[in-house]
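J.: Sharing entry.txt, compact mmCIF, C-alpha atoms:
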# COMPACT_ATOMS: atom_id res chain seq x y z
CA LEU A 1 -135.39 183.85 24.80
CA HIS A 2 -135.78 181.98 21.50
CA ASN A 3 -136.08 185.19 19.49
CA SER A 4 -132.92 186.54 21.11
CA GLY A 5 -130.99 183.40 20.25
CA GLN A 6 -130.84 182.08 23.81
CA PRO A 7 -131.70 178.44 24.61
CA ILE A 8 -135.04 177.94 26.31
CA ALA A 9 -134.04 174.70 28.01
CA PRO A 10 -132.93 176.36 31.29
CA ALA A 11 -136.11 178.42 31.41
CA PHE A 12 -138.22 175.33 30.76
CA LEU A 13 -136.53 173.40 33.57
CA ALA A 14 -136.94 176.32 35.96
CA SER A 15 -140.62 176.69 35.04
CA ALA A 16 -141.27 172.96 35.37
CA ARG A 17 -139.64 172.89 38.79
CA MET A 18 -141.57 175.98 39.89
CA ILE A 19 -144.92 174.51 38.80
CA MET A 20 -144.23 171.16 40.41
CA LEU A 21 -142.88 172.82 43.55
CA VAL A 22 -146.43 174.00 44.18
CA ALA A 23 -148.63 171.51 42.31
CA ALA A 24 -147.01 168.27 43.49
CA PRO A 25 -147.30 168.82 47.27
CA PHE A 26 -150.79 170.28 46.84
CA TYR A 27 -152.14 167.25 44.99
CA VAL A 28 -150.21 164.71 47.06
CA GLY A 29 -151.45 166.44 50.19
CA LEU A 30 -154.98 166.43 48.81
CA SER A 31 -154.74 162.68 48.28
CA LEU A 32 -153.33 162.11 51.76
CA THR A 33 -156.04 164.19 53.47
CA ALA A 34 -158.96 163.16 51.25
CA GLY A 35 -160.78 161.51 54.16
CA PRO A 36 -161.00 164.42 56.61
CA LEU A 37 -161.27 166.91 53.75
CA VAL A 38 -164.40 165.30 52.30
CA ALA A 39 -165.88 164.81 55.77
CA THR A 40 -165.22 168.46 56.67
CA PHE A 41 -166.49 170.18 53.53
CA PHE A 42 -169.11 167.75 52.23
CA GLY A 43 -170.31 165.83 55.27
CA PRO A 44 -170.93 162.15 55.96
CA LYS A 45 -173.25 161.68 52.98
CA TRP A 46 -170.31 162.09 50.63
CA LEU A 47 -167.77 159.78 52.27
CA GLU A 48 -167.89 157.47 49.26
CA MET A 49 -166.08 160.25 47.38
CA ILE A 50 -162.93 159.74 49.44
CA PRO A 51 -161.21 157.07 47.29
CA ILE A 52 -162.20 158.92 44.12
CA VAL A 53 -160.75 162.21 45.37
CA ALA A 54 -157.58 160.48 46.57
CA THR A 55 -157.14 158.72 43.23
CA LEU A 56 -157.71 161.77 41.06
CA ALA A 57 -155.47 163.96 43.19
CA ILE A 58 -152.46 161.65 42.98
CA ALA A 59 -152.71 161.59 39.17
CA MET A 60 -152.88 165.36 38.75
CA PRO A 61 -149.14 166.20 39.10
CA ALA A 62 -148.56 164.40 35.80
CA MET A 63 -151.16 166.63 34.16
CA ALA A 64 -149.63 169.74 35.70
CA LEU A 65 -146.23 168.87 34.26
CA GLN A 66 -147.75 167.98 30.90
CA ILE A 67 -149.39 171.39 30.61
CA VAL A 68 -146.02 173.14 31.02
CA CYS A 69 -144.81 171.70 27.72
CA SER A 70 -147.06 173.55 25.27
CA PRO A 71 -145.79 177.09 26.04
CA ALA A 72 -142.24 175.91 25.41
CA THR A 73 -142.98 174.47 21.97
CA ASN A 74 -145.18 177.45 21.05
CA ALA A 75 -142.29 179.75 21.98
CA LEU A 76 -140.19 177.91 19.40
CA GLY A 77 -142.75 178.75 16.76
CA ARG A 78 -143.74 175.09 16.42
CA PRO A 79 -147.41 174.90 17.39
CA GLY A 80 -147.68 171.66 15.43
CA LEU A 81 -146.00 169.87 18.33
CA TYR A 82 -148.76 171.08 20.62
CA LEU A 83 -151.29 169.76 18.11
CA TYR A 84 -149.62 166.35 18.13
CA GLY A 85 -149.88 166.28 21.90
CA ASN A 86 -153.57 167.14 21.72
CA ILE A 87 -154.14 164.39 19.19
CA ALA A 88 -152.41 161.94 21.52
CA GLY A 89 -154.62 163.08 24.37
CA ALA A 90 -157.73 162.73 22.23
CA ILE A 91 -156.80 159.08 21.70
CA ILE A 92 -155.37 158.14 25.10
CA MET A 93 -158.02 159.70 27.32
CA PRO A 94 -161.18 158.20 25.74
CA VAL A 95 -159.59 154.75 25.46
CA CYS A 96 -158.59 154.76 29.13
CA PHE A 97 -161.93 156.14 30.28
CA LEU A 98 -163.83 153.62 28.19
CA TYR A 99 -161.82 150.87 29.85
CA GLY A 100 -162.41 152.28 33.34
CA ALA A 101 -166.10 153.02 32.84
CA ALA A 102 -166.92 149.32 33.13
CA ARG A 103 -166.08 149.57 36.86
CA GLY A 104 -168.12 152.68 37.56
CA ALA A 105 -166.97 155.96 39.08
CA GLN A 106 -163.94 154.46 40.80
CA GLY A 107 -162.94 152.79 37.54
CA LEU A 108 -163.03 156.14 35.77
CA ALA A 109 -160.88 157.63 38.51
CA ASP A 110 -158.44 154.71 38.29
CA ALA A 111 -158.19 155.29 34.53
CA TRP A 112 -156.34 158.51 35.30
CA TYR A 113 -153.50 156.39 36.72
CA ILE A 114 -152.90 155.15 33.18
CA ALA A 115 -154.05 158.12 31.10
CA ALA A 116 -152.17 160.92 32.88
CA PRO A 117 -148.69 159.28 32.97
CA LEU A 118 -149.10 157.93 29.43
CA LEU A 119 -150.04 161.35 28.04
CA LEU A 120 -147.15 162.91 29.96
CA ILE A 121 -144.70 160.41 28.45
CA VAL A 122 -145.95 161.12 24.93
CA THR A 123 -145.88 164.88 25.48
CA LEU A 124 -142.37 164.83 26.92
CA GLY A 125 -141.25 162.62 24.05
CA ILE A 126 -142.46 165.30 21.65
CA THR A 127 -141.31 168.33 23.62
CA LEU A 128 -137.94 167.54 25.18
CA PRO A 129 -136.00 166.85 21.95
CA ALA A 130 -137.45 169.99 20.37
CA ILE A 131 -136.29 172.29 23.19
CA GLY A 132 -132.99 170.53 23.81
CA VAL A 133 -133.72 169.07 27.24
CA ARG A 134 -132.57 165.59 28.21
CA VAL A 135 -134.77 163.37 30.32
CA ILE A 136 -132.05 163.16 32.97
CA ASP A 137 -131.99 166.97 33.19
CA LEU A 138 -135.71 167.07 33.89
CA VAL A 139 -135.42 164.27 36.44
CA ARG A 140 -132.62 166.11 38.25
CA ALA A 141 -134.70 169.29 38.32
CA LEU A 142 -137.66 167.49 39.87
CA VAL A 143 -135.87 165.14 42.28
CA PRO A 144 -136.04 167.59 45.20
CA VAL A 145 -139.80 167.94 44.77
CA GLY A 146 -140.28 164.18 44.54
CA VAL A 147 -138.14 163.46 47.60
CA ALA A 148 -139.84 166.14 49.67
CA CYS A 149 -143.28 164.82 48.71
CA ALA A 150 -142.23 161.26 49.55
CA VAL A 151 -141.00 162.29 53.00
CA MET A 152 -144.19 164.27 53.56
CA ALA A 153 -146.29 161.23 52.68
CA ALA A 154 -144.19 158.97 54.92
CA VAL A 155 -144.86 161.26 57.88
CA VAL A 156 -148.50 162.13 57.21
CA MET A 157 -149.79 158.61 56.47
CA PRO A 158 -149.07 157.15 59.95
CA LEU A 159 -150.45 160.28 61.60
CA ASP A 160 -153.63 159.86 59.57
CA SER A 161 -154.25 156.53 61.27
CA ILE A 162 -153.33 157.85 64.71
CA THR A 163 -155.68 160.83 64.46
CA ASP A 164 -158.51 158.93 62.79
CA HIS A 165 -160.74 159.38 65.86
CA PHE A 166 -160.25 163.17 65.89
CA PRO A 167 -162.99 165.48 64.57
CA ALA A 168 -162.55 165.80 60.82
CA PRO A 169 -161.72 169.55 60.79
CA LEU A 170 -159.09 169.11 63.49
CA GLN A 171 -157.58 166.09 61.76
CA LEU A 172 -157.49 167.97 58.44
CA ALA A 173 -155.79 170.96 60.05
CA LEU A 174 -153.18 168.80 61.81
CA LEU A 175 -152.35 166.75 58.73
CA SER A 176 -152.18 169.81 56.48
CA LEU A 177 -149.96 171.81 58.80
CA LEU A 178 -147.64 168.88 59.46
CA GLY A 179 -147.42 168.01 55.77
CA ALA A 180 -146.62 171.58 54.78
CA ALA A 181 -144.00 171.85 57.53
CA VAL A 182 -142.31 168.58 56.55
CA TYR A 183 -142.32 169.42 52.86
CA GLY A 184 -140.91 172.89 53.38
CA GLY A 185 -138.46 171.64 56.00
CA VAL A 186 -136.98 168.99 53.71
CA LEU A 187 -136.46 171.52 50.94
CA GLN A 188 -134.99 174.08 53.35
CA LEU A 189 -132.58 171.58 54.90
CA VAL A 190 -131.44 169.75 51.77
CA TRP A 191 -132.09 172.11 48.86
CA PRO A 192 -132.34 175.64 50.32
CA THR A 193 -131.46 177.30 47.01
CA ILE A 194 -134.65 175.95 45.46
CA LEU A 195 -136.82 177.97 47.83
CA THR A 196 -134.62 181.01 47.31
CA ASP A 197 -134.89 180.71 43.53
CA ALA A 198 -138.64 180.18 43.75
CA TRP A 199 -139.07 183.29 45.84
CA ALA A 200 -136.92 185.25 43.39
CA MET A 201 -139.30 184.21 40.59
CA VAL A 202 -142.49 184.93 42.51
CA ARG A 203 -141.49 188.15 44.25
CA PRO A 204 -141.57 190.42 41.14
CA VAL A 205 -145.01 189.10 40.21
CA LEU A 206 -146.38 189.74 43.68
CA GLY A 207 -144.76 193.17 43.68
CA ALA A 208 -146.36 194.07 40.36
CA HIS A 209 -149.78 192.93 41.60
CA ALA A 210 -149.33 194.90 44.82
CA GLN A 211 -148.39 198.07 42.92
CA GLU A 212 -151.37 197.68 40.59
CA LEU A 213 -153.70 197.15 43.53
CA HIS A 214 -152.25 200.18 45.34
CA ALA A 215 -152.66 202.34 42.24
CA SER A 216 -156.23 201.16 41.69
CA LEU A 217 -157.18 201.95 45.28
CA ARG A 218 -155.84 205.49 44.91
CA GLU A 219 -157.92 206.14 41.81
CA ALA A 220 -161.52 207.28 41.90
CA PRO A 221 -163.89 204.27 41.87
CA GLN A 222 -165.25 203.34 38.45
CA THR A 223 -168.21 201.19 37.50
CA ASN A 224 -166.16 198.03 37.26
CA GLU A 225 -163.68 198.93 39.99
CA PRO A 226 -164.99 196.44 42.63
CA ALA A 227 -164.70 193.55 40.19
CA ARG A 228 -161.23 194.68 39.11
CA THR A 229 -160.05 195.00 42.72
CA ALA A 230 -161.47 191.59 43.57
CA ALA A 231 -159.56 190.06 40.65
CA LEU A 232 -156.35 191.67 41.87
CA LEU A 233 -156.90 190.34 45.38
CA VAL A 234 -157.41 186.85 43.99
CA GLY A 235 -154.19 187.27 42.00
CA LEU A 236 -152.33 188.15 45.16
Let's see the structure in the file written out as structure tokens.

T.:
Amino acid sequence: LHNSGQPIAPAFLASARMIMLVAAPFYVGLSLTAGPLVATFFGPKWLEMIPIVATLAIAMPAMALQIVCSPATNALGRPGLYLYGNIAGAIIMPVCFLYGAARGAQGLADAWYIAAPLLLIVTLGITLPAIGVRVIDLVRALVPVGVACAVMAAVVMPLDSITDHFPAPLQLALLSLLGAAVYGGVLQLVWPTILTDAWAMVRPVLGAHAQELHASLREAPQTNEPARTAALLVGL
């Protein structure tokens, strides 16, 4: 887009929304279901992990959004901006972790509450002016995701308490299914075009992977064919 003289701001906003459309509910859902998830996959010996998992998960959407910025500035031919962001991270992260380390593992996890948003603010401060995106434009692009996640949390949290006596796998399944249904339902009812646009972006990629997989299955097996097919299946 930049080489053809077109602004990259719309593409950046679309990419940021697409990433957060998936990353935000995943990490928020992971935080909400940390209890039954840890109990199901790790067992009772690891229950002390629950607050750590919940804390780390809720901080990760900020990191997901922060990572989207570097491809945009690199596309402008300004890799120095990416370097500045890395320098900021090299300062912010150790300072926050050093502060949190005094309180042990949970303190280190809590440090992400400060480090991740602070690094995101610095990165956006470097990136947005360079690509011509206003803060309000980014907020408007992400409001549907934020609202849908908030509604999902408001529904799942009370159910977590109600189903606390259920077996952990059953509780995890119920909370996950309900959360996904609420999140998708809010977007479908209030912002249906977002799901349509997201599918329009994903469909060509899935189609390309499907065609490559179909072509590879029709060819004679090679030495590395099983590994290649496995990678394609993971991509799908």

J.: Give the answer as one residue: which of A:Ala150, A:Ile91, A:Ala54, A:Ala109 has the shortest atom-to-atom distance to Pro25 (chain A), using all atoms listed in the file?

T.: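 Once distances to Pro25 (chain A) are computed over all atoms listed in the file, the minimum belongs to A:Ala150.
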
J.: Please determine, counting only C-alpha atoms, which residue among A:Leu142, A:Leu83, A:Leu178, A:Leu13 has the shortest atom-to-atom distance to Met157 (chain A).

T.: A:Leu178

J.: Figure out the distance between CA of Thr33 (chain A) and CA of Val186 (chain A), please, to one decimal in Å.

T.: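 We find that CA of Val186 (chain A) and CA of Thr33 (chain A) lie 19.7 Å from each other.
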
J.: Quick one: of A:Ser70, A:Ile114, A:Ile87, A:Gly77, who's nearest to Tyr99 (chain A), counting all atoms listed in the file?

T.: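 Under the stated criterion, the closest residue is A:Ile114.
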
J.: Which neighbours of region 169-174 of chain A fall inside 9 Å, counting all atoms listed in the file, when residues of the same chain fewer than 3 positions from it are skipped, and could you give them as a ChimeraX atom specification?

T.: /A:33-37,39-41,159-160,163-166,177-179

J.: Name the residues in contact with Ala62 (chain A) at a cut-off of 8 Å, using all atoms listed in the file, excluding same-chain residues fewer than 6 positions from it; report them as a short mmCIF file (atom, residue, chain, number, x, y, z; two decimals) with C-alpha atoms, in the coordinates of the input.

T.:
data_model
loop_
_atom_site.label_atom_id
_atom_site.label_comp_id
_atom_site.auth_asym_id
_atom_site.auth_seq_id
_atom_site.Cartn_x
_atom_site.Cartn_y
_atom_site.Cartn_z
CA ALA A 116 -152.17 160.92 32.88
CA PRO A 117 -148.69 159.28 32.97
CA LEU A 120 -147.15 162.91 29.96
#

J.: Suppose you want the space between CA of Ala57 (chain A) and CA of Ala111 (chain A); what is it in Å?

T.: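 Going from CA of Ala57 (chain A) over to CA of Ala111 (chain A) covers 12.6 Å.
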
J.: Ranking A:Leu21, A:Asp137, A:Asn74, A:Pro94 by minimum distance to Gly184 (chain A) and counting only C-alpha atoms, which one comes first?

T.: A:Leu21

J.: Just to confirm, what's the straight-line distance from CA of Leu65 (chain A) to CA of Pro158 (chain A) in Å (one decimal)?

T.: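 Straight-line distance from CA of Leu65 (chain A) to CA of Pro158 (chain A) works out to 28.4 Å.
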